Each structure stands twice: as structure tokens, then as C-alpha cells.
Amino acid sequence: MKKIFDNTQIAFALKSSDQLNASYFLFKLMALKPLVKIGTKIISLALQLNLPVESLIRKTIFNQFCGGINEEDCLKVVDILDTKGVSSVLDYAVEGKANESEFNNALQKLLKIIEFAKERQAIPFAVFKPSSFGRIDLYEKIGKKKVLTNVEQEEWSSVVARFDLVCKAAHQKSVPVMIDAEESWMQEAADELLLEMMRKYNKEKAIVYNTLQMYRWDRMDYLKTIHQTAQAEGFFIGIKLVRGAYMEKENERAEEQNYPSPICASKQETDLNYDTALEYITNSLNIFSIYAGTHNEKSTYYLMELMQQKNIANNDIRIWFGQLYGMSDTISFNLAANGYNVAKYLPFGPVKEVVPYLIRRAQENTAVAGQTTRELEMIKKERHRRIKDA
């Protein structure tokens, strides 16, 4: 497989030298783990105390990883990315909500995004988190098969209704919708609900996509089980494949509550799990569609190789590659330049309310071995190229 991810001219074609320098400075800061740890706590505290830090956040980490404060802001970014063949997935990145009004607001946001996606080819998917439609504690109780109170039963009925409204709208407008995975203790209820949505709305093609976090050692078993169910009952399966974003929280909770951690014992096992799922899915594209969300170059090349071996066209609509906005542009833009389907996750929301997402991005870049180093190397390479060619 020809190596294509070192072409920084393609990767950063949309960035001015000033923007490139700003990204370099930000990733330099994120390479300092103690600074990230202290800085994220200071940001959270400053916002709690209503200190005037929003402008600073917006000019730095927000601009790097978010498309804007609302959907309309994002459309400018969508159009710019589209000039290079990179699509966008608008992600309302507001987290930690816990009442019916906020859940209904998230529902209306998503229905609006589905309308945008219907009108714009450059927005091929909608996406939401289960916790944006209901309390995590409620999902956990459902997953453990505990008896619900009458109030909780009404609350769960509202959650199911929100899922159904979104999946129905997605089906009617032929806009696939991805439902993100979250903490393992709430995922069983989400899995069961999404299976029902797939049965209902994936009869002609994959509209509803569940997300599998492959740092969990049980996800291959889930993948095989849902495959058998789909074969027996006659529906299609949409899968968003990621490694996972809650590893420290998962391991800490497992230790505190004295149960086996759901997380693979090593990074190598996670990588093998992810690549095994890629092979399994590409062997059954008659039923599966996949959004391969990864910043890992080896896994990306592996999926490209699998497609080549199986004579699957680069632009086969059943296979999408995805990265987060502001990260791994060397992967995204070079894939698009070579005719693959690529869609960047484009988070948006009021600055204050997307801070939890931004903190996770900073922590992820610090925690993932080599991620920040790779970003810095590529930006540095492009800066040198531009100076040389000037």
C-alpha cells in the first residue's frame, strides 16, 4: 500500500501560515502533560466563577477543535472543507444535561441538522449521544434490568420517543444517523434500543449506526451477535468503529467497585480488536456499512488494504473514514485527495458549554502515545516546506 499521509501540502492547504503557527503553538502546549492537567482545572474553575476567559478559549482551543457556536457558524466551515472533498458531521457537543427541557432542545437541534444534511451533500451523517436524550443513570438502571418507578417509566418512554423521532426523520430523508457510545455501564440499554431502531429503520439500507468502542474486549462478540440477528431477521447494520474515549474513567470505576474492567489489557489488544472488526465488517458488506473513526495511521492503511484486496472501490458509499476536526489532517485530506469517503466530526455549541468536550480533546492528545508528537511533526514539516518554497 502506497504511503500517502506524509503529504503536508495537501493536508494543510486550507490553513494560512498564521493558522498553522497557531495550531503549532497549541499542540506544543498540549504536549506538556502537567500543563494540560493544571490548565484544564483552571479553565473549569474560571468558568464556574464567571471569570472572563471565554474569549481566550475561543481564540485558541475552541477554534482548533470546533466549527462554531451554532449550526449556521458551522456551514462556513462545511463549505470550506468541501472544497477539498472532505465532508462534515455536525456534532452538537454540549454535554452533562439532565432535564427534559434540555433533552428536548437537543432533539430539536438534531432534527434541524438532519434537515441541513438532506440539503447538503457535504453533510452525509447526523450524530448524537444517548446522554443528550436521557439521563445516564436511567440507561444504567434499564441495562441492569431494575424495576423502574412510574416516573422513571414515563421518563424512559420519552427517551425512546426521542430516538424514534430522530431515526424516523433520518429514514424519511435518507440521512444516516450515528449514535455515539459512552460509558460501558449505560451502553447495554443503548445497544438494545438501537437494535430496535435498526430493525425498524434499516430494512432497505443502513440508516441507524451504533458505535463500538474497540478498547472494550467484548465488542467483537457483540458485533458477531448483531450480525447473526440481522441475517436472521433481514435488516442492515450501520457501525461506527472507534477505539474509545473513557479509558481512565472505566478502569477507575472498575477498580473502585471491584468488577473486571471492560477495557482491553493493552494498547496492542485494542489495536488488534479494532483491525479484526475492520476485517470482519468488510467481509460482510452485503449487510454492514461502516464509519471508521480513527486517528491511527496503521488501522487506516489496513482498511485501505482490505478494500484493495476485496476490489472495493475507494468511494464505495458503505465505507467512510472519519477524524475529528482539528486533528489528523494528514489522514483526512490525503484520503479525500485519493478518492476515499471522508467526513470530519465538526463539534459546535456555546463556548462555555463545549468546554467538557474541549478538555477531553486536550487530555486525549496528551494521553494517546505519539498523537501530539505526530501533529507537531507534520505542522513543522509544512512550515519548513513553505519557507523553502517561498
# chains A, B, ... in the order shown; residues from 1 in each chain; ligands from 1
call {"tool": "closest_atom_pairs", "arguments": {"of": "stretch 212-329 of chain A", "to": "stretch 74-96 of chain A", "cutoff": "12 Å", "atoms": "only C-alpha atoms", "output": "CSV"}}
result
residue,atom,partner,partner_atom,distance
A:Tyr291,CA,A:Val89,CA,11.3
A:Gly293,CA,A:Val89,CA,11.7
A:Asn315,CA,A:Gly85,CA,11.4
A:Trp320,CA,A:Ser87,CA,10.1
A:Phe321,CA,A:Val86,CA,10.1
A:Gly322,CA,A:Ser88,CA,9.1
A:Gln323,CA,A:Ser88,CA,9.8
A:Leu324,CA,A:Val89,CA,9.4
A:Tyr325,CA,A:Ser88,CA,8.7
A:Gly326,CA,A:Val77,CA,11.6
A:Asp329,CA,A:Val86,CA,10.1
call {"tool": "residues_around", "arguments": {"residues": "A:Ser289", "least_positions_apart": "5", "cutoff": "8 Å", "atoms": "only C-alpha atoms", "output": "number ranges by chain"}}
result
A: 206, 236-239, 281, 318-319
call {"tool": "residues_around", "arguments": {"residues": "A:Ile287", "least_positions_apart": "4", "cutoff": "12 Å", "atoms": "only C-alpha atoms", "output": "ChimeraX atom specification"}}
result
/A:198,202-207,226-239,280-283,318
call {"tool": "write_last_selection", "arguments": {"atoms": "C-alpha atoms", "output": "PDB file, in the first residue's frame"}}
result
ATOM      1  CA  MET A 198     -32.165  -0.886  13.244  1.00  0.00           C
ATOM      2  CA  ASN A 202     -32.606  -0.343   8.425  1.00  0.00           C
ATOM      3  CA  LYS A 203     -34.747  -2.571   6.225  1.00  0.00           C
ATOM      4  CA  GLU A 204     -33.572  -1.057   2.913  1.00  0.00           C
ATOM      5  CA  LYS A 205     -30.087   0.164   3.913  1.00  0.00           C
ATOM      6  CA  ALA A 206     -28.079   1.257   6.949  1.00  0.00           C
ATOM      7  CA  ILE A 207     -29.674   4.418   8.357  1.00  0.00           C
ATOM      8  CA  ILE A 226     -25.864  -8.448  15.930  1.00  0.00           C
ATOM      9  CA  HIS A 227     -24.652  -9.765  12.561  1.00  0.00           C
ATOM     10  CA  GLN A 228     -26.391 -13.095  13.199  1.00  0.00           C
ATOM     11  CA  THR A 229     -29.555 -11.260  14.250  1.00  0.00           C
ATOM     12  CA  ALA A 230     -29.538  -9.101  11.123  1.00  0.00           C
ATOM     13  CA  GLN A 231     -29.031 -12.139   8.879  1.00  0.00           C
ATOM     14  CA  ALA A 232     -31.905 -13.976  10.558  1.00  0.00           C
ATOM     15  CA  GLU A 233     -34.314 -11.028  10.575  1.00  0.00           C
ATOM     16  CA  GLY A 234     -33.346  -9.263   7.346  1.00  0.00           C
ATOM     17  CA  PHE A 235     -32.069  -5.795   8.201  1.00  0.00           C
ATOM     18  CA  PHE A 236     -28.856  -3.826   7.570  1.00  0.00           C
ATOM     19  CA  ILE A 237     -26.279  -2.764  10.149  1.00  0.00           C
ATOM     20  CA  GLY A 238     -24.542   0.587  10.462  1.00  0.00           C
ATOM     21  CA  ILE A 239     -21.404   0.627  12.611  1.00  0.00           C
ATOM     22  CA  TYR A 280     -14.999  -8.755   9.822  1.00  0.00           C
ATOM     23  CA  ILE A 281     -17.140  -5.881   8.549  1.00  0.00           C
ATOM     24  CA  THR A 282     -15.507  -5.638   5.109  1.00  0.00           C
ATOM     25  CA  ASN A 283     -16.082  -9.386   4.688  1.00  0.00           C
ATOM     26  CA  ARG A 318     -20.724   1.762   2.520  1.00  0.00           C
TER      27      ARG A 318
END
call {"tool": "select_by_dssp", "arguments": {"residues": "stretch 166-349 of chain A", "states": "strand (DSSP E)", "output": "ChimeraX atom specification"}}
result
/A:177-179,208-213,237-242,288-293,319-324,342-348
call {"tool": "write_last_selection", "arguments": {"atoms": "C-alpha atoms", "output": "CSV table (one decimal), in the first residue's frame"}}
result
chain,number,residue,atom,x,y,z
A,177,VAL,CA,-27.6,8.9,11.9
A,178,MET,CA,-24.7,7.7,14.1
A,179,ILE,CA,-25.3,7.3,17.8
A,208,VAL,CA,-29.1,3.8,12.1
A,209,TYR,CA,-25.4,3.4,13.1
A,210,ASN,CA,-24.4,2.1,16.6
A,211,THR,CA,-20.9,2.9,17.8
A,212,LEU,CA,-18.5,0.3,19.0
A,213,GLN,CA,-15.6,1.2,21.3
A,237,ILE,CA,-26.3,-2.8,10.1
A,238,GLY,CA,-24.5,0.6,10.5
A,239,ILE,CA,-21.4,0.6,12.6
A,240,LYS,CA,-19.2,3.5,13.7
A,241,LEU,CA,-15.9,2.0,14.8
A,242,VAL,CA,-13.7,3.8,17.3
A,288,PHE,CA,-22.7,-3.8,7.0
A,289,SER,CA,-21.9,-0.1,6.4
A,290,ILE,CA,-19.0,1.4,8.4
A,291,TYR,CA,-17.7,4.8,9.5
A,292,ALA,CA,-14.2,4.0,10.6
A,293,GLY,CA,-13.4,6.8,13.1
A,319,ILE,CA,-17.3,2.8,3.8
A,320,TRP,CA,-16.4,6.1,5.3
A,321,PHE,CA,-13.2,7.3,7.1
A,322,GLY,CA,-13.5,9.8,9.9
A,323,GLN,CA,-11.4,12.0,12.1
A,324,LEU,CA,-12.1,14.9,14.5
A,342,VAL,CA,-14.0,11.2,4.5
A,343,ALA,CA,-16.1,13.0,7.0
A,344,LYS,CA,-14.7,15.2,9.8
A,345,TYR,CA,-16.6,15.4,13.1
A,346,LEU,CA,-17.4,19.1,13.5
A,347,PRO,CA,-18.4,19.9,17.1
A,348,PHE,CA,-20.3,23.1,17.8
call {"tool": "closest_residue", "arguments": {"among": "A:Val175, A:Ala337, A:Met30, A:Ala181", "to": "A:Ala362", "atoms": "only C-alpha atoms"}}
result
A:Met30
call {"tool": "decode", "arguments": {"residues": "stretch 242-352 of chain A", "atoms": "C-alpha atoms", "output": "CSV table (one decimal), in the first residue's frame"}}
result
chain,number,residue,atom,x,y,z
A,242,VAL,CA,-13.7,3.8,17.3
A,243,ARG,CA,-11.1,2.9,19.9
A,244,GLY,CA,-12.8,4.7,22.8
A,245,ALA,CA,-12.5,7.9,24.9
A,246,TYR,CA,-13.3,6.9,28.5
A,247,MET,CA,-10.5,4.5,29.4
A,248,GLU,CA,-9.3,6.1,32.6
A,249,LYS,CA,-12.8,6.6,33.9
A,250,GLU,CA,-13.7,3.0,33.0
A,251,ASN,CA,-10.6,1.5,34.8
A,252,GLU,CA,-11.0,3.7,37.9
A,253,ARG,CA,-14.7,2.7,38.3
A,254,ALA,CA,-14.0,-1.0,37.8
A,255,GLU,CA,-11.3,-0.8,40.5
A,256,GLU,CA,-13.5,1.2,42.9
A,257,GLN,CA,-16.5,-1.1,42.5
A,258,ASN,CA,-14.4,-4.3,42.3
A,259,TYR,CA,-15.5,-5.7,39.0
A,260,PRO,CA,-13.4,-6.8,35.9
A,261,SER,CA,-12.5,-3.8,33.7
A,262,PRO,CA,-14.3,-3.8,30.4
A,263,ILE,CA,-11.1,-2.4,28.8
A,264,CYS,CA,-8.5,-4.4,26.9
A,265,ALA,CA,-5.4,-5.2,28.9
A,266,SER,CA,-3.1,-3.4,26.5
A,267,LYS,CA,-3.0,-0.9,23.6
A,268,GLN,CA,-1.9,-3.8,21.4
A,269,GLU,CA,-5.0,-5.8,22.2
A,270,THR,CA,-7.2,-2.7,21.4
A,271,ASP,CA,-5.4,-2.3,18.1
A,272,LEU,CA,-5.9,-5.9,17.2
A,273,ASN,CA,-9.6,-5.7,18.2
A,274,TYR,CA,-10.1,-2.7,16.0
A,275,ASP,CA,-8.4,-4.2,13.0
A,276,THR,CA,-10.2,-7.5,13.5
A,277,ALA,CA,-13.5,-5.6,13.4
A,278,LEU,CA,-12.5,-3.9,10.2
A,279,GLU,CA,-11.8,-7.2,8.5
A,280,TYR,CA,-15.0,-8.8,9.8
A,281,ILE,CA,-17.1,-5.9,8.5
A,282,THR,CA,-15.5,-5.6,5.1
A,283,ASN,CA,-16.1,-9.4,4.7
A,284,SER,CA,-19.8,-8.8,5.0
A,285,LEU,CA,-20.6,-5.5,3.2
A,286,ASN,CA,-23.8,-7.1,2.0
A,287,ILE,CA,-25.2,-6.3,5.4
A,288,PHE,CA,-22.7,-3.8,7.0
A,289,SER,CA,-21.9,-0.1,6.4
A,290,ILE,CA,-19.0,1.4,8.4
A,291,TYR,CA,-17.7,4.8,9.5
A,292,ALA,CA,-14.2,4.0,10.6
A,293,GLY,CA,-13.4,6.8,13.1
A,294,THR,CA,-9.7,6.7,13.8
A,295,HIS,CA,-6.5,8.8,14.0
A,296,ASN,CA,-4.4,5.7,13.8
A,297,GLU,CA,-2.5,5.6,10.5
A,298,LYS,CA,-1.8,1.8,10.7
A,299,SER,CA,-5.5,1.0,11.0
A,300,THR,CA,-6.4,3.4,8.2
A,301,TYR,CA,-3.9,1.8,5.9
A,302,TYR,CA,-5.2,-1.6,6.9
A,303,LEU,CA,-8.7,-0.7,5.9
A,304,MET,CA,-7.4,0.7,2.6
A,305,GLU,CA,-5.6,-2.6,2.0
A,306,LEU,CA,-8.7,-4.6,2.8
A,307,MET,CA,-10.6,-2.5,0.3
A,308,GLN,CA,-7.9,-3.1,-2.3
A,309,GLN,CA,-7.8,-6.8,-1.7
A,310,LYS,CA,-11.5,-7.2,-2.0
A,311,ASN,CA,-11.8,-5.0,-5.0
A,312,ILE,CA,-13.9,-2.4,-3.1
A,313,ALA,CA,-13.9,1.0,-4.8
A,314,ASN,CA,-12.3,3.8,-2.9
A,315,ASN,CA,-15.6,5.8,-2.9
A,316,ASP,CA,-17.9,2.8,-2.0
A,317,ILE,CA,-20.7,4.5,-0.1
A,318,ARG,CA,-20.7,1.8,2.5
A,319,ILE,CA,-17.3,2.8,3.8
A,320,TRP,CA,-16.4,6.1,5.3
A,321,PHE,CA,-13.2,7.3,7.1
A,322,GLY,CA,-13.5,9.8,9.9
A,323,GLN,CA,-11.4,12.0,12.1
A,324,LEU,CA,-12.1,14.9,14.5
A,325,TYR,CA,-12.0,18.4,13.2
A,326,GLY,CA,-8.6,20.0,14.1
A,327,MET,CA,-6.8,16.7,14.3
A,328,SER,CA,-5.1,14.3,11.8
A,329,ASP,CA,-5.5,16.5,8.8
A,330,THR,CA,-2.7,14.5,7.2
A,331,ILE,CA,-5.0,11.5,7.2
A,332,SER,CA,-8.3,13.2,6.3
A,333,PHE,CA,-7.2,15.4,3.4
A,334,ASN,CA,-4.9,12.9,1.8
A,335,LEU,CA,-7.6,10.2,1.9
A,336,ALA,CA,-10.0,12.7,0.2
A,337,ALA,CA,-7.4,13.6,-2.4
A,338,ASN,CA,-7.2,9.9,-3.2
A,339,GLY,CA,-10.9,9.5,-3.7
A,340,TYR,CA,-12.0,7.9,-0.4
A,341,ASN,CA,-15.1,9.0,1.5
A,342,VAL,CA,-14.0,11.2,4.5
A,343,ALA,CA,-16.1,13.0,7.0
A,344,LYS,CA,-14.7,15.2,9.8
A,345,TYR,CA,-16.6,15.4,13.1
A,346,LEU,CA,-17.4,19.1,13.5
A,347,PRO,CA,-18.4,19.9,17.1
A,348,PHE,CA,-20.3,23.1,17.8
A,349,GLY,CA,-22.0,24.8,20.7
A,350,PRO,CA,-21.7,27.8,23.1
A,351,VAL,CA,-18.1,28.2,24.2
A,352,LYS,CA,-18.9,27.6,27.9
